[in-house]
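Structure file final-v7.cif (mmCIF, C-alpha atoms) follows.
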data_final
#
loop_
_atom_site.group_PDB
_atom_site.id
_atom_site.type_symbol
_atom_site.label_atom_id
_atom_site.label_comp_id
_atom_site.auth_asym_id
_atom_site.auth_seq_id
_atom_site.Cartn_x
_atom_site.Cartn_y
_atom_site.Cartn_z
ATOM 1 C CA MET A 48 123.972 49.384 12.527
ATOM 2 C CA PRO A 49 126.040 46.168 12.173
ATOM 3 C CA ASP A 50 126.852 45.001 8.652
ATOM 4 C CA ARG A 51 125.215 41.635 9.221
ATOM 5 C CA PHE A 52 121.771 43.283 9.052
ATOM 6 C CA TRP A 53 122.268 45.129 5.789
ATOM 7 C CA HIS A 54 123.711 43.809 2.588
ATOM 8 C CA ASN A 55 123.114 45.262 -0.883
ATOM 9 C CA LYS A 56 120.202 47.361 0.426
ATOM 10 C CA GLU A 57 118.270 44.218 1.373
ATOM 11 C CA ARG A 58 117.341 43.611 4.980
ATOM 12 C CA PHE A 59 118.442 40.342 6.573
ATOM 13 C CA THR A 60 117.677 38.627 9.853
ATOM 14 C CA ASP A 61 120.387 37.663 12.361
ATOM 15 C CA HIS A 62 120.624 34.315 10.566
ATOM 16 C CA GLY A 63 121.177 35.833 7.154
ATOM 17 C CA ALA A 64 117.820 34.881 5.583
ATOM 18 C CA ALA A 65 116.213 37.545 3.444
ATOM 19 C CA MET A 66 112.957 38.990 4.762
ATOM 20 C CA SER A 67 111.689 40.106 1.374
ATOM 21 C CA ASP A 68 109.254 38.277 -0.851
ATOM 22 C CA ALA A 69 110.291 35.900 -3.644
ATOM 23 C CA SER A 70 110.663 38.788 -6.069
ATOM 24 C CA GLY A 71 112.991 40.610 -3.656
ATOM 25 C CA LYS A 72 110.897 43.794 -3.880
ATOM 26 C CA GLY A 73 109.753 44.088 -0.270
ATOM 27 C CA PRO A 74 108.503 42.405 2.859
ATOM 28 C CA ARG A 75 106.399 39.284 2.486
ATOM 29 C CA GLY A 76 102.724 39.566 3.312
ATOM 30 C CA LEU A 77 101.078 37.735 6.176
ATOM 31 C CA GLY A 78 99.006 35.705 3.720
ATOM 32 C CA GLU A 79 102.166 34.436 2.051
ATOM 33 C CA LEU A 80 103.776 33.601 5.380
ATOM 34 C CA LEU A 81 100.699 31.686 6.574
ATOM 35 C CA ALA A 82 100.015 29.862 3.291
ATOM 36 C CA LEU A 83 99.393 26.167 3.963
ATOM 37 C CA SER A 84 102.402 25.269 1.843
ATOM 38 C CA SER A 85 104.748 27.241 4.114
ATOM 39 C CA PRO A 86 106.255 25.893 7.355
ATOM 40 C CA LEU A 87 104.512 28.593 9.363
ATOM 41 C CA GLY A 88 101.210 27.784 7.656
ATOM 42 C CA ALA A 89 101.584 24.096 8.478
ATOM 43 C CA LEU A 90 102.279 25.019 12.098
ATOM 44 C CA ALA A 91 99.205 27.259 12.219
ATOM 45 C CA LYS A 92 97.066 24.457 10.763
ATOM 46 C CA ALA A 93 98.371 21.960 13.339
ATOM 47 C CA ALA A 94 97.693 24.394 16.183
ATOM 48 C CA SER A 95 94.177 25.026 14.916
ATOM 49 C CA SER A 96 93.528 21.301 14.652
ATOM 50 C CA ARG A 97 94.680 20.771 18.245
ATOM 51 C CA LEU A 98 92.369 23.547 19.451
ATOM 52 C CA ASP A 99 89.460 21.991 17.540
ATOM 53 C CA LEU A 100 90.267 18.597 19.065
ATOM 54 C CA ALA A 101 90.338 20.052 22.584
ATOM 55 C CA ASP A 102 86.967 21.733 21.949
ATOM 56 C CA CYS A 103 85.537 18.425 20.741
ATOM 57 C CA VAL A 104 86.812 16.625 23.847
ATOM 58 C CA ARG A 105 85.361 19.309 26.120
ATOM 59 C CA LYS A 106 81.957 19.039 24.409
ATOM 60 C CA GLN A 107 81.812 15.355 25.395
ATOM 61 C CA LEU A 108 82.180 16.206 29.091
ATOM 62 C CA PRO A 109 80.145 17.838 31.845
ATOM 63 C CA ASP A 110 81.133 21.487 32.362
ATOM 64 C CA GLU A 111 83.105 20.785 35.550
ATOM 65 C CA LEU A 112 85.253 18.156 33.828
ATOM 66 C CA ALA A 113 85.548 20.133 30.593
ATOM 67 C CA ALA A 114 87.180 22.978 32.504
ATOM 68 C CA ALA A 115 89.906 20.582 33.682
ATOM 69 C CA VAL A 116 91.088 19.791 30.128
ATOM 70 C CA ALA A 117 94.208 21.849 29.434
ATOM 71 C CA THR A 118 95.194 20.599 25.955
ATOM 72 C CA CYS A 119 94.731 17.675 23.581
ATOM 73 C CA ASN A 120 96.799 16.065 20.868
ATOM 74 C CA LEU A 121 96.277 13.186 18.452
ATOM 75 C CA ARG A 122 99.461 11.215 17.876
ATOM 76 C CA PRO A 123 100.191 9.461 14.569
ATOM 77 C CA ASP A 124 99.668 6.057 16.255
ATOM 78 C CA GLY A 125 96.025 6.982 17.012
ATOM 79 C CA THR A 126 96.519 7.885 20.672
ATOM 80 C CA LEU A 127 94.410 10.820 21.783
ATOM 81 C CA VAL A 128 96.371 12.506 24.581
ATOM 82 C CA VAL A 129 94.254 14.590 26.950
ATOM 83 C CA THR A 130 96.203 16.799 29.351
ATOM 84 C CA ALA A 131 94.404 17.454 32.627
ATOM 85 C CA ALA A 132 95.030 20.292 35.057
ATOM 86 C CA SER A 133 95.801 17.984 38.016
ATOM 87 C CA PRO A 134 96.154 14.282 38.896
ATOM 88 C CA GLU A 135 92.694 14.338 40.472
ATOM 89 C CA TRP A 136 91.095 15.635 37.278
ATOM 90 C CA ALA A 137 93.026 13.124 35.176
ATOM 91 C CA ALA A 138 91.658 10.305 37.337
ATOM 92 C CA ARG A 139 88.092 11.580 36.912
ATOM 93 C CA LEU A 140 88.569 12.040 33.165
ATOM 94 C CA ARG A 141 89.651 8.406 32.753
ATOM 95 C CA PHE A 142 86.061 7.356 33.449
ATOM 96 C CA GLU A 143 84.988 9.373 30.393
ATOM 97 C CA ALA A 144 87.441 7.808 27.905
ATOM 98 C CA ASP A 145 84.827 5.824 25.956
ATOM 99 C CA GLY A 146 82.527 8.841 25.621
ATOM 100 C CA ILE A 147 85.407 11.030 24.484
ATOM 101 C CA LEU A 148 86.418 8.538 21.776
ATOM 102 C CA THR A 149 82.836 8.046 20.606
ATOM 103 C CA GLY A 150 82.251 11.792 20.358
ATOM 104 C CA CYS A 151 85.530 12.640 18.611
ATOM 105 C CA ARG A 152 85.764 9.776 16.125
ATOM 106 C CA PRO A 153 83.370 11.276 13.540
ATOM 107 C CA ARG A 154 85.882 14.092 12.906
ATOM 108 C CA TRP A 155 89.056 12.214 13.926
ATOM 109 C CA PRO A 156 88.408 8.587 12.874
ATOM 110 C CA GLU A 157 92.052 7.660 13.440
ATOM 111 C CA ALA A 158 91.581 8.100 17.232
ATOM 112 C CA ALA A 159 91.921 4.585 18.647
ATOM 113 C CA ARG A 160 92.646 5.074 22.348
ATOM 114 C CA VAL A 161 92.806 7.804 24.968
ATOM 115 C CA ARG A 162 95.702 8.517 27.286
ATOM 116 C CA PHE A 163 95.499 11.034 30.082
ATOM 117 C CA ARG A 164 98.430 13.006 31.392
ATOM 118 C CA VAL A 165 98.866 15.819 33.900
ATOM 119 C CA GLY A 166 100.112 19.229 32.866
ATOM 120 C CA THR A 167 99.086 22.839 32.660
ATOM 121 C CA ASP A 168 97.637 25.015 29.945
ATOM 122 C CA LEU A 169 100.441 26.940 28.245
#

Output the file's structure as structure tokens, nothing else.
Amino acid sequence: MPDRFWHNKERFTDHGAAMSDASGKGPRGLGELLALSSPLGALAKAASSRLDLADCVRKQLPDELAAAVATCNLRPDGTLVVTAASPEWAARLRFEADGILTGCRPRWPEAARVRFRVGTDL
């Protein structure tokens, strides 16, 4: 095994960062990695928030339109970005902008406007 992976009996990644916990006694637990204070925890929280936002948007729509919502994001400037599956769905969703804002503002009061874009669900 290449030397870059092993040094002083401690396992390292390709980038040289130790994979052990703060005490150096073993691998870090999933709870530690996903703690809200960690970068990975902050990423998990942001992803969860985006999923919750997309669910909220879908609840404001008829089933046919809700199925056309791929993803949602709330930008720091208050723009709620709704990604539709096709240009046709985006055009239909534009008619629902006021209802979407009204339904999502109780949980996301910073939402000030809605913008629709075309994309696919990743």

key: Proximity to Arg105 (chain A) - best of A:Leu87, A:Gly125, A:Ala117, A:Glu135, only C-alpha atoms   =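 Selected residue with least distance to Arg105 (chain A): A:Ala117.
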
Mind listing whatever residues come within 9 Å of the point (98.8, 11.1, 33.7)? Use all atoms listed in the file, file coordinates, and give them as an mmCIF file with C-alpha atoms, in the frame of the given file.
data_model
loop_
_atom_site.group_PDB
_atom_site.id
_atom_site.type_symbol
_atom_site.label_atom_id
_atom_site.label_comp_id
_atom_site.auth_asym_id
_atom_site.auth_seq_id
_atom_site.Cartn_x
_atom_site.Cartn_y
_atom_site.Cartn_z
ATOM 1 C CA VAL A 129 94.254 14.590 26.950
ATOM 2 C CA THR A 130 96.203 16.799 29.351
ATOM 3 C CA ALA A 131 94.404 17.454 32.627
ATOM 4 C CA SER A 133 95.801 17.984 38.016
ATOM 5 C CA PRO A 134 96.154 14.282 38.896
ATOM 6 C CA ALA A 137 93.026 13.124 35.176
ATOM 7 C CA ALA A 138 91.658 10.305 37.337
ATOM 8 C CA ARG A 162 95.702 8.517 27.286
ATOM 9 C CA PHE A 163 95.499 11.034 30.082
ATOM 10 C CA ARG A 164 98.430 13.006 31.392
ATOM 11 C CA VAL A 165 98.866 15.819 33.900
ATOM 12 C CA GLY A 166 100.112 19.229 32.866
#

ask   = For this file, the PyMOL selection byres ((chain A and resi 121) around 12) selects which residues, as a PyMOL selection string?
value = chain A and resi 93-94+96-101+104+118-120+122-130+148+151-152+154-163

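With distances restricted to only C-alpha atoms, A:Leu108 is the closest residue to Phe142 (chain A) from A:Val116, A:Leu108, A:Ala91, A:Leu77.
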
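Pairwise distance (CA of Ala132 (chain A), CA of Gly146 (chain A)) equals 19.4 Å.
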
inquiry  = To one decimal place in Å, what is the distance between CA of Ala82 (chain A) and CA of Pro153 (chain A)?
reply    =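 That distance, rounded to one decimal, is 27.0 Å.
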